[in-house]
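Shown next, in structure tokens, is the structure this report addresses.
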Amino acid sequence: MSGKVLVTGGAGFIGSHVCKRLAAAGVAPIAFDSLEKGHAGMVRWGPLVRGDIGDRSSLIKVITEYNIDAIVHLAGYIEVGRSMREPALFHDNNVARTAVLIETAESLGVENFVFSSTCAVFGTPVTARIGETHPFAPMSVYADTKLAVERLLAAPERRLKSVVLRYFNAAGADPDGEIGEMHDPETHLMPLAIDAALGFAPPLTIFGDDYPTPDGTCVRDYVHVEDLAEAHLRALAWLDGGGANAAFNLGSGTGHSVRELIDATSRVSGLPVPHSMGPRREGDPSSLVADPTLAAKILGWTPKHDLDAQLEHALRWRRSMPR
Ligand SMILES: NC(=O)c1ccc[n+]([C@@H]2O[C@H](COP(=O)([O-])OP(=O)(O)OC[C@H]3O[C@@H](n4cnc5c(N)ncnc54)[C@H](O)[C@@H]3O)[C@@H](O)[C@H]2O)c1
């Protein structure tokens with residue numbers, strides 16, 4: 001695969017890793033990011049164009065100037081809690097502005113599109129592992145916005161070909177230590193556990209230990225950000241090779257409880273993780289674990305990094321992170 005790929009959200013956590021992976025494969029990434037949440041310093045493998053995905057004239061300029069062949073669309077707001085407090089803002093940024101991006105790309109003849117969705121579109125699972133045919137039941141405005149974009153992409157009149165990638169819990173950091181997770185506010189468990197161990201953040205709160213799981217705490221499927229980046233490259237190659245529209249659930253297929261994650265953080269860092277027990281948080285399913293069989297079969301994608309590797313890389317990044 002060659003060509004030029006517009007990576008919206010390219011200055012963010014996952015987008016910056018996607019840019020690095022594309023560049024290593026000889027594909028030129030052009031990061032397009034408002035920098036409202038992203039960081040210019042994370043864009044190191046191609047140009048950064050500052051702009052908003054809802055701004056049609058900026059999109060026309062960047063797509064024509066760089067002769068863009070495909071788009072990887074990661075830009076969006078990501079905090080579930082905030083989406084419940086500010087639903088209109090989330091619908092505007094994640095859905096309405098994405099519609100501008102899709103329609104502009106289509107009008108300029110861009111053919112291929114890869115979209116970052118989430119396992120949250122499935123809501124509370126009805127099977128132990130979640131495959132692509134699992135019913136949709138989003139439980140937050142954030143998840144609603146992701147499903148709305150999946151539906152925009154699946155519209156029958158759509159000329160753009162697309163792959164939807166539904167990530168489970170993105171974690172870890174660049175194994176070379178160049179980039180990593182830098183959300184503000186940080187709401188993800190692994191960086192919060194690491195920050196609690198390093199004394200960079202207050203003790204971790206566990207939200208409930210009375211779930212129907214082996215140790216009572218919620219179980220999640222953690223997938224290394226470098227493995228996710230690889231999946232984007234493979235999704236682009238799939239579309240480039242004439243592959244049809246598809247959606248893939250991207251996780252390791254193995255779940256880890258909050259307690260297991262705390263123990264692993266402690267073991268890998270050599271530090272205790274100060275924590276306390278809190279009540280359940282509304283809307284948290286007890287267990288979310290992917291069935292990644294389809295991505296293995298169609299894209300040849302299997303994650304390489306286990307939980308310990310995710311922790312090692314994230315720890316190294318948090319220790320060196322600009323603060
Ligand atoms: N982190 C996860 O565990 C996870 C899980 C499932 C899905 N996702 C999805 O993956 C994508 C990337 O997540 P992330 O963790 O890298 O988030 P992030 O916040 O680090 O990156 C998102 C980037 O999008 C940019 N952005 C937001 N709105 C924009 C707009 N209107 N125009 C241009 N740029 C805009 C932000 O400045 C930021 O750099 C998101 O779409 C998110 O919903 C993430």
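Just remember, in the structure tokens the first chain shown is A, the second B, etc., residues are 1-based per chain, and ligands are 1-based in the order shown.
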Go through the chains and note each residue within 7 Å of ligand 1, using only C-alpha atoms and all ligand atoms, then give the set as an NGL selection string. :A and (8-15 or 32-39 or 51-54 or 74-78 or 93 or 97 or 116-119 or 166-171 or 181-183)
Just the alpha helix (DSSP H) stuff from stretch 122-185 of chain A, please, per backbone DSSP, written as a tab-separated table (two decimals) with N, CA and C atoms, in the first residue's frame.
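Once everything was written out, this is part.tsv:
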chain	number	residue	atom	x	y	z
A	141	VAL	N	-24.63	8.61	25.54
A	141	VAL	CA	-24.69	9.50	24.37
A	141	VAL	C	-23.45	9.29	23.51
A	142	TYR	N	-22.31	9.10	24.17
A	142	TYR	CA	-21.07	8.84	23.42
A	142	TYR	C	-21.25	7.64	22.49
A	143	ALA	N	-21.76	6.53	23.03
A	143	ALA	CA	-21.95	5.32	22.21
A	143	ALA	C	-23.00	5.57	21.12
A	144	ASP	N	-24.05	6.34	21.45
A	144	ASP	CA	-25.05	6.71	20.43
A	144	ASP	C	-24.39	7.41	19.24
A	145	THR	N	-23.44	8.31	19.55
A	145	THR	CA	-22.83	9.08	18.46
A	145	THR	C	-22.00	8.16	17.56
A	146	LYS	N	-21.35	7.16	18.16
A	146	LYS	CA	-20.53	6.25	17.36
A	146	LYS	C	-21.41	5.38	16.47
A	147	LEU	N	-22.53	4.91	17.03
A	147	LEU	CA	-23.45	4.08	16.24
A	147	LEU	C	-24.08	4.92	15.12
A	148	ALA	N	-24.37	6.18	15.42
A	148	ALA	CA	-24.96	7.05	14.38
A	148	ALA	C	-24.00	7.17	13.20
A	149	VAL	N	-22.71	7.29	13.47
A	149	VAL	CA	-21.74	7.40	12.36
A	149	VAL	C	-21.62	6.06	11.63
A	150	GLU	N	-21.64	4.95	12.37
A	150	GLU	CA	-21.64	3.64	11.68
A	150	GLU	C	-22.80	3.59	10.69
A	151	ARG	N	-23.94	4.12	11.11
A	151	ARG	CA	-25.13	4.06	10.23
A	151	ARG	C	-25.00	5.02	9.05
A	152	LEU	N	-24.38	6.18	9.30
A	152	LEU	CA	-24.12	7.12	8.18
A	152	LEU	C	-23.27	6.44	7.12
A	153	LEU	N	-22.27	5.69	7.58
A	153	LEU	CA	-21.35	5.04	6.64
A	153	LEU	C	-22.01	3.89	5.89
Rounded to one decimal, what separation in Å do you get between atom CA of A:Asp291 and atom CA of A:Gly253? 5.3 Å
Excluding same-chain residues fewer than 6 positions from stretch 205-216 of chain A, what lies within 7 Å of it counting only C-alpha atoms, as a list in words? His275, Ser276, Met277, Gly278, Pro279, Arg280, Arg281 and Ser286 of chain A
List the spatial neighbours of A:Val110 as a PDB file with C-alpha atoms, in the first residue's frame - criterion: any atom at most 8 Å away, only C-alpha atoms, same-chain residues fewer than 4 positions off excluded.
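To be explicit, this is the file written out as selection.pdb:
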ATOM      1  CA  ILE A  68      -5.570  12.424  -0.164  1.00  0.00           C
ATOM      2  CA  ASP A  69      -6.404   8.812  -1.126  1.00  0.00           C
ATOM      3  CA  ALA A  70      -8.050   7.628   2.090  1.00  0.00           C
ATOM      4  CA  ILE A  71      -9.161   8.893   5.497  1.00  0.00           C
ATOM      5  CA  ALA A 105     -14.546  13.414   1.170  1.00  0.00           C
ATOM      6  CA  GLU A 106     -17.129  11.834  -1.101  1.00  0.00           C
ATOM      7  CA  LEU A 160     -17.278   5.918   0.132  1.00  0.00           C
TER       8      LEU A 160
END
